[in-house]
$ cat input-v2.pdb   # PDB, C-alpha atoms
MODEL        1
ATOM      1  CA  MET G  64      48.625  61.198 193.340  1.00  0.00           C
ATOM      2  CA  ASN G  65      48.414  60.715 189.589  1.00  0.00           C
ATOM      3  CA  LEU G  66      46.998  62.991 186.904  1.00  0.00           C
ATOM      4  CA  ILE G  67      45.313  62.445 183.545  1.00  0.00           C
ATOM      5  CA  ILE G  68      45.500  65.488 181.284  1.00  0.00           C
ATOM      6  CA  SER G  69      43.027  65.991 178.471  1.00  0.00           C
ATOM      7  CA  GLY G  70      45.318  67.885 176.117  1.00  0.00           C
ATOM      8  CA  THR G  71      42.890  70.356 174.557  1.00  0.00           C
ATOM      9  CA  ASN G  72      40.741  73.243 175.721  1.00  0.00           C
ATOM     10  CA  ARG G  73      37.976  72.290 173.293  1.00  0.00           C
ATOM     11  CA  GLU G  74      34.676  71.807 175.103  1.00  0.00           C
ATOM     12  CA  ARG G  75      33.129  68.295 175.020  1.00  0.00           C
ATOM     13  CA  SER G  76      36.161  66.932 173.160  1.00  0.00           C
ATOM     14  CA  ASN G  77      36.827  63.322 172.277  1.00  0.00           C
ATOM     15  CA  SER G  78      40.070  63.713 174.230  1.00  0.00           C
ATOM     16  CA  LEU G  79      38.098  64.407 177.387  1.00  0.00           C
ATOM     17  CA  LYS G  80      35.916  61.348 176.726  1.00  0.00           C
ATOM     18  CA  ILE G  81      39.027  59.188 176.385  1.00  0.00           C
ATOM     19  CA  ALA G  82      40.558  60.802 179.496  1.00  0.00           C
ATOM     20  CA  LYS G  83      37.445  59.911 181.505  1.00  0.00           C
ATOM     21  CA  TYR G  84      37.574  56.364 180.128  1.00  0.00           C
ATOM     22  CA  TYR G  85      41.213  56.018 181.278  1.00  0.00           C
ATOM     23  CA  GLN G  86      40.347  57.450 184.694  1.00  0.00           C
ATOM     24  CA  GLN G  87      37.485  54.987 185.111  1.00  0.00           C
ATOM     25  CA  GLU G  88      39.619  52.013 184.029  1.00  0.00           C
ATOM     26  CA  LEU G  89      42.591  52.977 186.199  1.00  0.00           C
ATOM     27  CA  GLN G  90      40.328  53.460 189.196  1.00  0.00           C
ATOM     28  CA  ARG G  91      38.948  49.947 188.610  1.00  0.00           C
ATOM     29  CA  LYS G  92      42.518  48.774 189.160  1.00  0.00           C
ATOM     30  CA  GLY G  93      42.589  50.531 192.538  1.00  0.00           C
ATOM     31  CA  GLU G  94      44.626  53.485 191.299  1.00  0.00           C
ATOM     32  CA  SER G  95      43.813  57.045 192.359  1.00  0.00           C
ATOM     33  CA  TRP G  96      43.783  59.386 189.354  1.00  0.00           C
ATOM     34  CA  GLU G  97      42.677  63.010 189.104  1.00  0.00           C
ATOM     35  CA  LEU G  98      41.571  64.478 185.781  1.00  0.00           C
ATOM     36  CA  LEU G  99      42.551  67.861 184.392  1.00  0.00           C
ATOM     37  CA  SER G 100      40.950  69.176 181.242  1.00  0.00           C
ATOM     38  CA  LEU G 101      42.837  72.026 179.638  1.00  0.00           C
ATOM     39  CA  SER G 102      39.425  73.649 179.164  1.00  0.00           C
ATOM     40  CA  ASP G 103      39.773  74.439 182.895  1.00  0.00           C
ATOM     41  CA  LEU G 104      42.833  76.615 182.363  1.00  0.00           C
ATOM     42  CA  PRO G 105      42.476  80.351 182.967  1.00  0.00           C
ATOM     43  CA  SER G 106      41.396  81.936 179.683  1.00  0.00           C
ATOM     44  CA  ASP G 107      44.143  84.541 179.970  1.00  0.00           C
ATOM     45  CA  ILE G 108      46.922  82.052 180.791  1.00  0.00           C
ATOM     46  CA  THR G 109      49.306  83.503 178.203  1.00  0.00           C
ATOM     47  CA  VAL G 110      49.442  86.829 180.038  1.00  0.00           C
ATOM     48  CA  THR G 111      48.940  85.642 183.627  1.00  0.00           C
ATOM     49  CA  ASP G 112      51.067  82.514 184.034  1.00  0.00           C
ATOM     50  CA  LEU G 113      54.053  82.636 181.718  1.00  0.00           C
ATOM     51  CA  TYR G 114      57.512  84.108 182.235  1.00  0.00           C
ATOM     52  CA  GLY G 115      57.632  83.775 186.004  1.00  0.00           C
ATOM     53  CA  LYS G 116      54.124  85.036 186.696  1.00  0.00           C
ATOM     54  CA  ARG G 117      51.571  83.030 188.688  1.00  0.00           C
ATOM     55  CA  SER G 118      47.866  83.805 188.936  1.00  0.00           C
ATOM     56  CA  GLU G 119      45.520  82.763 191.721  1.00  0.00           C
ATOM     57  CA  ALA G 120      43.469  80.821 189.162  1.00  0.00           C
ATOM     58  CA  PHE G 121      46.462  78.657 188.166  1.00  0.00           C
ATOM     59  CA  LYS G 122      47.712  77.910 191.696  1.00  0.00           C
ATOM     60  CA  PRO G 123      45.381  74.914 192.300  1.00  0.00           C
ATOM     61  CA  ILE G 124      46.278  73.528 188.864  1.00  0.00           C
ATOM     62  CA  GLN G 125      49.979  73.900 189.650  1.00  0.00           C
ATOM     63  CA  ALA G 126      49.404  72.157 192.989  1.00  0.00           C
ATOM     64  CA  LEU G 127      47.803  69.189 191.179  1.00  0.00           C
ATOM     65  CA  VAL G 128      50.709  68.963 188.745  1.00  0.00           C
ATOM     66  CA  SER G 129      53.342  69.303 191.460  1.00  0.00           C
ATOM     67  CA  ALA G 130      51.735  66.558 193.566  1.00  0.00           C
ATOM     68  CA  ALA G 131      51.404  64.091 190.681  1.00  0.00           C
ATOM     69  CA  GLN G 132      54.007  61.367 190.231  1.00  0.00           C
ATOM     70  CA  LYS G 133      52.531  59.838 187.083  1.00  0.00           C
ATOM     71  CA  PHE G 134      50.720  61.428 184.156  1.00  0.00           C
ATOM     72  CA  VAL G 135      48.598  60.177 181.299  1.00  0.00           C
ATOM     73  CA  PHE G 136      48.498  62.725 178.493  1.00  0.00           C
ATOM     74  CA  ILE G 137      45.584  62.363 176.069  1.00  0.00           C
ATOM     75  CA  ILE G 138      46.882  64.196 173.013  1.00  0.00           C
ATOM     76  CA  PRO G 139      44.576  65.132 170.132  1.00  0.00           C
ATOM     77  CA  GLU G 140      45.945  65.848 166.693  1.00  0.00           C
ATOM     78  CA  TYR G 141      46.020  69.519 165.765  1.00  0.00           C
ATOM     79  CA  ASN G 142      47.612  70.318 162.400  1.00  0.00           C
ATOM     80  CA  GLY G 143      49.808  67.229 162.400  1.00  0.00           C
ATOM     81  CA  SER G 144      51.064  67.671 165.968  1.00  0.00           C
ATOM     82  CA  PHE G 145      49.760  68.387 169.455  1.00  0.00           C
ATOM     83  CA  PRO G 146      47.649  71.415 170.468  1.00  0.00           C
ATOM     84  CA  GLY G 147      49.342  74.705 171.213  1.00  0.00           C
ATOM     85  CA  ILE G 148      47.364  74.961 174.452  1.00  0.00           C
ATOM     86  CA  LEU G 149      49.141  71.815 175.682  1.00  0.00           C
ATOM     87  CA  LYS G 150      52.507  73.493 175.075  1.00  0.00           C
ATOM     88  CA  VAL G 151      51.285  76.682 176.774  1.00  0.00           C
ATOM     89  CA  PHE G 152      50.179  74.576 179.757  1.00  0.00           C
ATOM     90  CA  ILE G 153      53.588  72.876 179.968  1.00  0.00           C
ATOM     91  CA  ASP G 154      55.323  76.256 179.697  1.00  0.00           C
ATOM     92  CA  ALA G 155      53.104  77.734 182.430  1.00  0.00           C
ATOM     93  CA  CYS G 156      53.934  74.967 184.914  1.00  0.00           C
ATOM     94  CA  SER G 157      56.858  75.435 187.273  1.00  0.00           C
ATOM     95  CA  PHE G 158      60.088  73.976 185.941  1.00  0.00           C
ATOM     96  CA  PRO G 159      61.624  71.624 186.917  1.00  0.00           C
ATOM     97  CA  ALA G 160      59.339  70.725 189.864  1.00  0.00           C
ATOM     98  CA  SER G 161      56.290  69.918 187.753  1.00  0.00           C
ATOM     99  CA  PHE G 162      57.587  67.139 185.538  1.00  0.00           C
ATOM    100  CA  PHE G 163      61.263  66.461 186.305  1.00  0.00           C
ATOM    101  CA  HIS G 164      61.879  62.677 186.643  1.00  0.00           C
ATOM    102  CA  LYS G 165      58.175  61.881 186.782  1.00  0.00           C
ATOM    103  CA  LYS G 166      56.446  59.240 184.654  1.00  0.00           C
ATOM    104  CA  ALA G 167      54.255  59.795 181.596  1.00  0.00           C
ATOM    105  CA  ALA G 168      52.047  57.621 179.410  1.00  0.00           C
ATOM    106  CA  LEU G 169      50.961  59.026 176.044  1.00  0.00           C
ATOM    107  CA  VAL G 170      47.739  58.461 174.109  1.00  0.00           C
ATOM    108  CA  GLY G 171      47.242  59.975 170.660  1.00  0.00           C
ATOM    109  CA  VAL G 172      43.718  60.773 169.476  1.00  0.00           C
ATOM    110  CA  SER G 173      42.549  61.774 166.019  1.00  0.00           C
ATOM    111  CA  THR G 174      39.544  61.690 163.757  1.00  0.00           C
ATOM    112  CA  GLY G 175      41.901  60.667 160.947  1.00  0.00           C
ATOM    113  CA  LYS G 176      43.481  57.302 160.392  1.00  0.00           C
ATOM    114  CA  TYR G 177      46.869  57.701 162.099  1.00  0.00           C
ATOM    115  CA  GLY G 178      45.929  58.413 165.709  1.00  0.00           C
ATOM    116  CA  ASN G 179      48.221  61.425 166.035  1.00  0.00           C
ATOM    117  CA  ILE G 180      51.436  59.482 165.578  1.00  0.00           C
ATOM    118  CA  ARG G 181      53.441  62.638 164.761  1.00  0.00           C
ATOM    119  CA  GLY G 182      51.970  64.659 167.615  1.00  0.00           C
ATOM    120  CA  VAL G 183      52.769  61.935 170.132  1.00  0.00           C
ATOM    121  CA  ASP G 184      56.320  61.741 168.760  1.00  0.00           C
ATOM    122  CA  HIS G 185      56.648  65.537 169.025  1.00  0.00           C
ATOM    123  CA  PHE G 186      55.320  65.470 172.583  1.00  0.00           C
ATOM    124  CA  THR G 187      57.697  62.631 173.459  1.00  0.00           C
ATOM    125  CA  GLY G 188      60.522  65.034 172.624  1.00  0.00           C
ATOM    126  CA  VAL G 189      59.063  67.608 175.023  1.00  0.00           C
ATOM    127  CA  CYS G 190      58.775  64.935 177.735  1.00  0.00           C
ATOM    128  CA  ASN G 191      62.373  63.850 177.146  1.00  0.00           C
ATOM    129  CA  TYR G 192      63.542  67.441 177.455  1.00  0.00           C
ATOM    130  CA  MET G 193      61.734  67.670 180.807  1.00  0.00           C
ATOM    131  CA  ARG G 194      63.456  64.392 181.789  1.00  0.00           C
ATOM    132  CA  MET G 195      60.181  62.535 182.146  1.00  0.00           C
ATOM    133  CA  HIS G 196      60.222  58.759 181.960  1.00  0.00           C
ATOM    134  CA  VAL G 197      57.890  57.912 179.073  1.00  0.00           C
ATOM    135  CA  LEU G 198      56.127  54.553 179.004  1.00  0.00           C
ATOM    136  CA  PRO G 199      57.286  52.845 175.793  1.00  0.00           C
ATOM    137  CA  LEU G 200      53.797  51.559 174.939  1.00  0.00           C
ATOM    138  CA  LYS G 201      51.993  54.469 173.307  1.00  0.00           C
ATOM    139  CA  ILE G 202      48.413  54.177 172.097  1.00  0.00           C
ATOM    140  CA  HIS G 203      47.138  55.853 168.918  1.00  0.00           C
ATOM    141  CA  LEU G 204      43.347  56.039 168.655  1.00  0.00           C
ATOM    142  CA  SER G 205      42.430  56.776 165.063  1.00  0.00           C
ATOM    143  CA  LYS G 206      38.916  57.636 163.907  1.00  0.00           C
ATOM    144  CA  VAL G 207      38.131  58.088 167.600  1.00  0.00           C
ATOM    145  CA  HIS G 208      34.524  59.078 166.889  1.00  0.00           C
ATOM    146  CA  ASP G 209      33.978  55.509 165.599  1.00  0.00           C
ATOM    147  CA  GLU G 210      35.670  53.964 168.654  1.00  0.00           C
ATOM    148  CA  LEU G 211      33.198  55.242 171.257  1.00  0.00           C
ATOM    149  CA  ASP G 212      29.616  54.217 171.937  1.00  0.00           C
ATOM    150  CA  SER G 213      26.882  56.518 173.244  1.00  0.00           C
ATOM    151  CA  ASP G 214      28.169  55.982 176.817  1.00  0.00           C
ATOM    152  CA  ASP G 215      31.725  56.941 175.784  1.00  0.00           C
ATOM    153  CA  GLN G 216      32.996  53.387 176.166  1.00  0.00           C
ATOM    154  CA  LEU G 217      35.394  51.827 173.677  1.00  0.00           C
ATOM    155  CA  ILE G 218      33.577  49.395 171.407  1.00  0.00           C
ATOM    156  CA  ASP G 219      36.261  47.809 169.228  1.00  0.00           C
ATOM    157  CA  GLU G 220      37.656  44.632 170.776  1.00  0.00           C
ATOM    158  CA  LEU G 221      41.176  45.077 169.441  1.00  0.00           C
ATOM    159  CA  THR G 222      41.354  48.717 170.522  1.00  0.00           C
ATOM    160  CA  THR G 223      40.100  47.785 173.980  1.00  0.00           C
ATOM    161  CA  LYS G 224      42.732  45.028 174.205  1.00  0.00           C
ATOM    162  CA  PHE G 225      45.605  47.418 173.452  1.00  0.00           C
ATOM    163  CA  VAL G 226      44.235  50.168 175.704  1.00  0.00           C
ATOM    164  CA  GLN G 227      43.854  47.677 178.558  1.00  0.00           C
ATOM    165  CA  GLU G 228      47.425  46.503 177.985  1.00  0.00           C
ATOM    166  CA  GLN G 229      48.640  50.101 178.311  1.00  0.00           C
ATOM    167  CA  ILE G 230      46.465  50.686 181.383  1.00  0.00           C
ATOM    168  CA  ASN G 231      47.980  47.602 183.041  1.00  0.00           C
ATOM    169  CA  GLU G 232      51.461  48.926 182.268  1.00  0.00           C
ATOM    170  CA  ILE G 233      50.562  52.378 183.609  1.00  0.00           C
ATOM    171  CA  ALA G 234      49.450  50.791 186.875  1.00  0.00           C
ATOM    172  CA  ARG G 235      52.802  48.932 187.146  1.00  0.00           C
ATOM    173  CA  PHE G 236      54.900  51.883 185.876  1.00  0.00           C
TER     174      PHE G 236
ENDMDL
END
$ encode --input "input-v2.pdb" --output "structure tokens"
Amino acid sequence: MNLIISGTNRERSNSLKIAKYYQQELQRKGESWELLSLSDLPSDITVTDLYGKRSEAFKPIQALVSAAQKFVFIIPEYNGSFPGILKVFIDACSFPASFFHKKAALVGVSTGKYGNIRGVDHFTGVCNYMRMHVLPLKIHLSKVHDELDSDDQLIDELTTKFVQEQINEIARF
């Protein structure tokens, strides 16, 4: 089992749209991918699932993470890095069973022009600490609101080319 994580708890986010796009494209390649939006995390996660605690609400999420062998993290830019809720999620997951020696592909998303380059670099450091194997090809989707049509499909030919290249590598990874 593989898992795509939309790295924000913001409702109706561009990150979730991109996560769904990746899921659809990977499934077209015959891959089985589940999708987890961090908007589905328990609202009280910081008091129920950190420091050795485990809530009933987080158990099915932990089961998804534990079962996954590959991850695609869709990482929006928040204040020049990745969202705090993504770090809270990582911290809430069981260590090392959740991520140790598993594979990760990273996709940066921003409404600005750099596609969350710094945030993806910061998150790469977190992945390295957790001994994840990070796919070298990282995608940075800048001005993401201009990249999607009304059906949440990528419209720019060059962007689509690079995303498809990463998707092909994820499938082989």
$ resolve_selection --input "input-v2.pdb" --expression "the PyMOL selection byres ((chain G and resi 85) around 12)" --output "ChimeraX atom specification"
/G:65-69,78-84,86-92,94-98,134-137,168-170,202,215-217,223,226-231,233-234
$ resolve_selection --input "input-v2.pdb" --expression "the PyMOL selection byres ((chain G and resi 183) around 10)" --output "number ranges by chain"
G: 136-140, 143-145, 169-172, 178-182, 184-189, 201-203
$ axis_aligned_box --input "input-v2.pdb" --around "range 207-217 of chain G" --padding-each-side "5 Å" --output "AutoDock Vina command-line options"
--center_x 32.5 --center_y 55.5 --center_z 171.2 --size_x 21.2 --size_y 17.3 --size_z 21.2
$ closest_residue --input "input-v2.pdb" --among "G:Gly70, G:Leu99, G:Asp219, G:His164" --to "Ala126 in chain G" --atoms "all atoms listed in the file"
G:Leu99
$ closest_residue --input "input-v2.pdb" --among "G:Thr222, G:Ser173, G:Ser102, G:Asn142" --to "Ser205 in chain G" --atoms "all atoms listed in the file"
G:Ser173
$ residues_around --input "input-v2.pdb" --residues "Pro159 in chain G" --least-positions-apart "2" --cutoff "12 Å" --atoms "all atoms listed in the file" --output "PyMOL selection string"
chain G and resi 128-129+153-157+161-165+190+192-195
$ atom_distance --input "input-v2.pdb" --atom1 "CA of Thr174 in chain G" --atom2 "CA of Gly147 in chain G"
17.9 Å
$ atom_distance --input "input-v2.pdb" --atom1 "CA of Asn191 in chain G" --atom2 "CA of Leu221 in chain G"
29.3 Å
$ atom_distance --input "input-v2.pdb" --atom1 "CA of Tyr177 in chain G" --atom2 "CA of Lys133 in chain G"
25.7 Å
$ closest_residue --input "input-v2.pdb" --among "G:Lys176, G:Arg75, G:Lys116, G:His208" --to "Leu101 in chain G" --atoms "all atoms listed in the file"
G:Arg75
$ closest_residue --input "input-v2.pdb" --among "G:Thr111, G:Ser118, G:Ser100, G:Ser106" --to "Asn77 in chain G" --atoms "all atoms listed in the file"
G:Ser100
$ closest_residue --input "input-v2.pdb" --among "G:Gly93, G:Pro123, G:Pro105, G:Pro199" --to "Ile148 in chain G" --atoms "all atoms listed in the file"
G:Pro105
$ closest_residue --input "input-v2.pdb" --among "G:Leu204, G:Leu104, G:Val197, G:Leu211" --to "Ala120 in chain G" --atoms "all atoms listed in the file"
G:Leu104
$ build_atoms --input "input-v2.pdb" --residues "range 166-195 of chain G" --atoms "N, CA and C atoms" --output "CSV table (one decimal), keeping the file's coordinate frame"
chain,number,residue,atom,x,y,z
G,166,LYS,N,56.8,60.2,185.7
G,166,LYS,CA,56.4,59.2,184.7
G,166,LYS,C,55.3,59.7,183.8
G,167,ALA,N,55.3,59.4,182.5
G,167,ALA,CA,54.3,59.8,181.6
G,167,ALA,C,53.9,58.7,180.7
G,168,ALA,N,52.6,58.5,180.4
G,168,ALA,CA,52.0,57.6,179.4
G,168,ALA,C,51.3,58.5,178.4
G,169,LEU,N,51.5,58.2,177.1
G,169,LEU,CA,51.0,59.0,176.0
G,169,LEU,C,49.9,58.3,175.2
G,170,VAL,N,48.8,59.0,174.9
G,170,VAL,CA,47.7,58.5,174.1
G,170,VAL,C,47.4,59.5,173.0
G,171,GLY,N,47.6,59.1,171.8
G,171,GLY,CA,47.2,60.0,170.7
G,171,GLY,C,45.8,59.7,170.2
G,172,VAL,N,45.1,60.8,169.9
G,172,VAL,CA,43.7,60.8,169.5
G,172,VAL,C,43.6,61.6,168.2
G,173,SER,N,42.8,61.0,167.2
G,173,SER,CA,42.5,61.8,166.0
G,173,SER,C,41.3,61.3,165.4
G,174,THR,N,40.7,62.1,164.6
G,174,THR,CA,39.5,61.7,163.8
G,174,THR,C,40.0,61.1,162.4
G,175,GLY,N,41.3,61.3,162.1
G,175,GLY,CA,41.9,60.7,160.9
G,175,GLY,C,42.4,59.3,161.2
G,176,LYS,N,43.1,58.7,160.3
G,176,LYS,CA,43.5,57.3,160.4
G,176,LYS,C,44.8,57.0,161.1
G,177,TYR,N,45.6,58.0,161.5
G,177,TYR,CA,46.9,57.7,162.1
G,177,TYR,C,47.0,57.9,163.6
G,178,GLY,N,45.9,58.3,164.2
G,178,GLY,CA,45.9,58.4,165.7
G,178,GLY,C,46.9,59.3,166.3
G,179,ASN,N,47.3,60.4,165.6
G,179,ASN,CA,48.2,61.4,166.0
G,179,ASN,C,49.6,60.9,166.3
G,180,ILE,N,50.1,60.0,165.4
G,180,ILE,CA,51.4,59.5,165.6
G,180,ILE,C,52.5,60.6,165.7
G,181,ARG,N,52.4,61.6,164.8
G,181,ARG,CA,53.4,62.6,164.8
G,181,ARG,C,53.3,63.5,166.0
G,182,GLY,N,52.1,63.8,166.4
G,182,GLY,CA,52.0,64.7,167.6
G,182,GLY,C,52.5,64.0,168.9
G,183,VAL,N,52.3,62.7,169.0
G,183,VAL,CA,52.8,61.9,170.1
G,183,VAL,C,54.3,61.9,170.1
G,184,ASP,N,54.9,61.7,168.9
G,184,ASP,CA,56.3,61.7,168.8
G,184,ASP,C,56.9,63.1,169.1
G,185,HIS,N,56.2,64.2,168.7
G,185,HIS,CA,56.6,65.5,169.0
G,185,HIS,C,56.6,65.7,170.5
G,186,PHE,N,55.5,65.3,171.1
G,186,PHE,CA,55.3,65.5,172.6
G,186,PHE,C,56.3,64.6,173.4
G,187,THR,N,56.7,63.5,172.8
G,187,THR,CA,57.7,62.6,173.5
G,187,THR,C,59.0,63.4,173.6
G,188,GLY,N,59.3,64.2,172.6
G,188,GLY,CA,60.5,65.0,172.6
G,188,GLY,C,60.4,66.1,173.7
G,189,VAL,N,59.3,66.6,173.9
G,189,VAL,CA,59.1,67.6,175.0
G,189,VAL,C,59.2,66.9,176.4
G,190,CYS,N,58.6,65.7,176.5
G,190,CYS,CA,58.8,64.9,177.7
G,190,CYS,C,60.2,64.6,178.0
G,191,ASN,N,61.0,64.2,177.0
G,191,ASN,CA,62.4,63.8,177.1
G,191,ASN,C,63.2,65.1,177.6
G,192,TYR,N,62.9,66.2,177.0
G,192,TYR,CA,63.5,67.4,177.5
G,192,TYR,C,63.3,67.7,178.9
G,193,MET,N,62.1,67.4,179.4
G,193,MET,CA,61.7,67.7,180.8
G,193,MET,C,62.2,66.5,181.7
G,194,ARG,N,62.9,65.6,181.1
G,194,ARG,CA,63.5,64.4,181.8
G,194,ARG,C,62.4,63.5,182.4
G,195,MET,N,61.2,63.5,181.7
G,195,MET,CA,60.2,62.5,182.1
G,195,MET,C,60.5,61.1,181.6
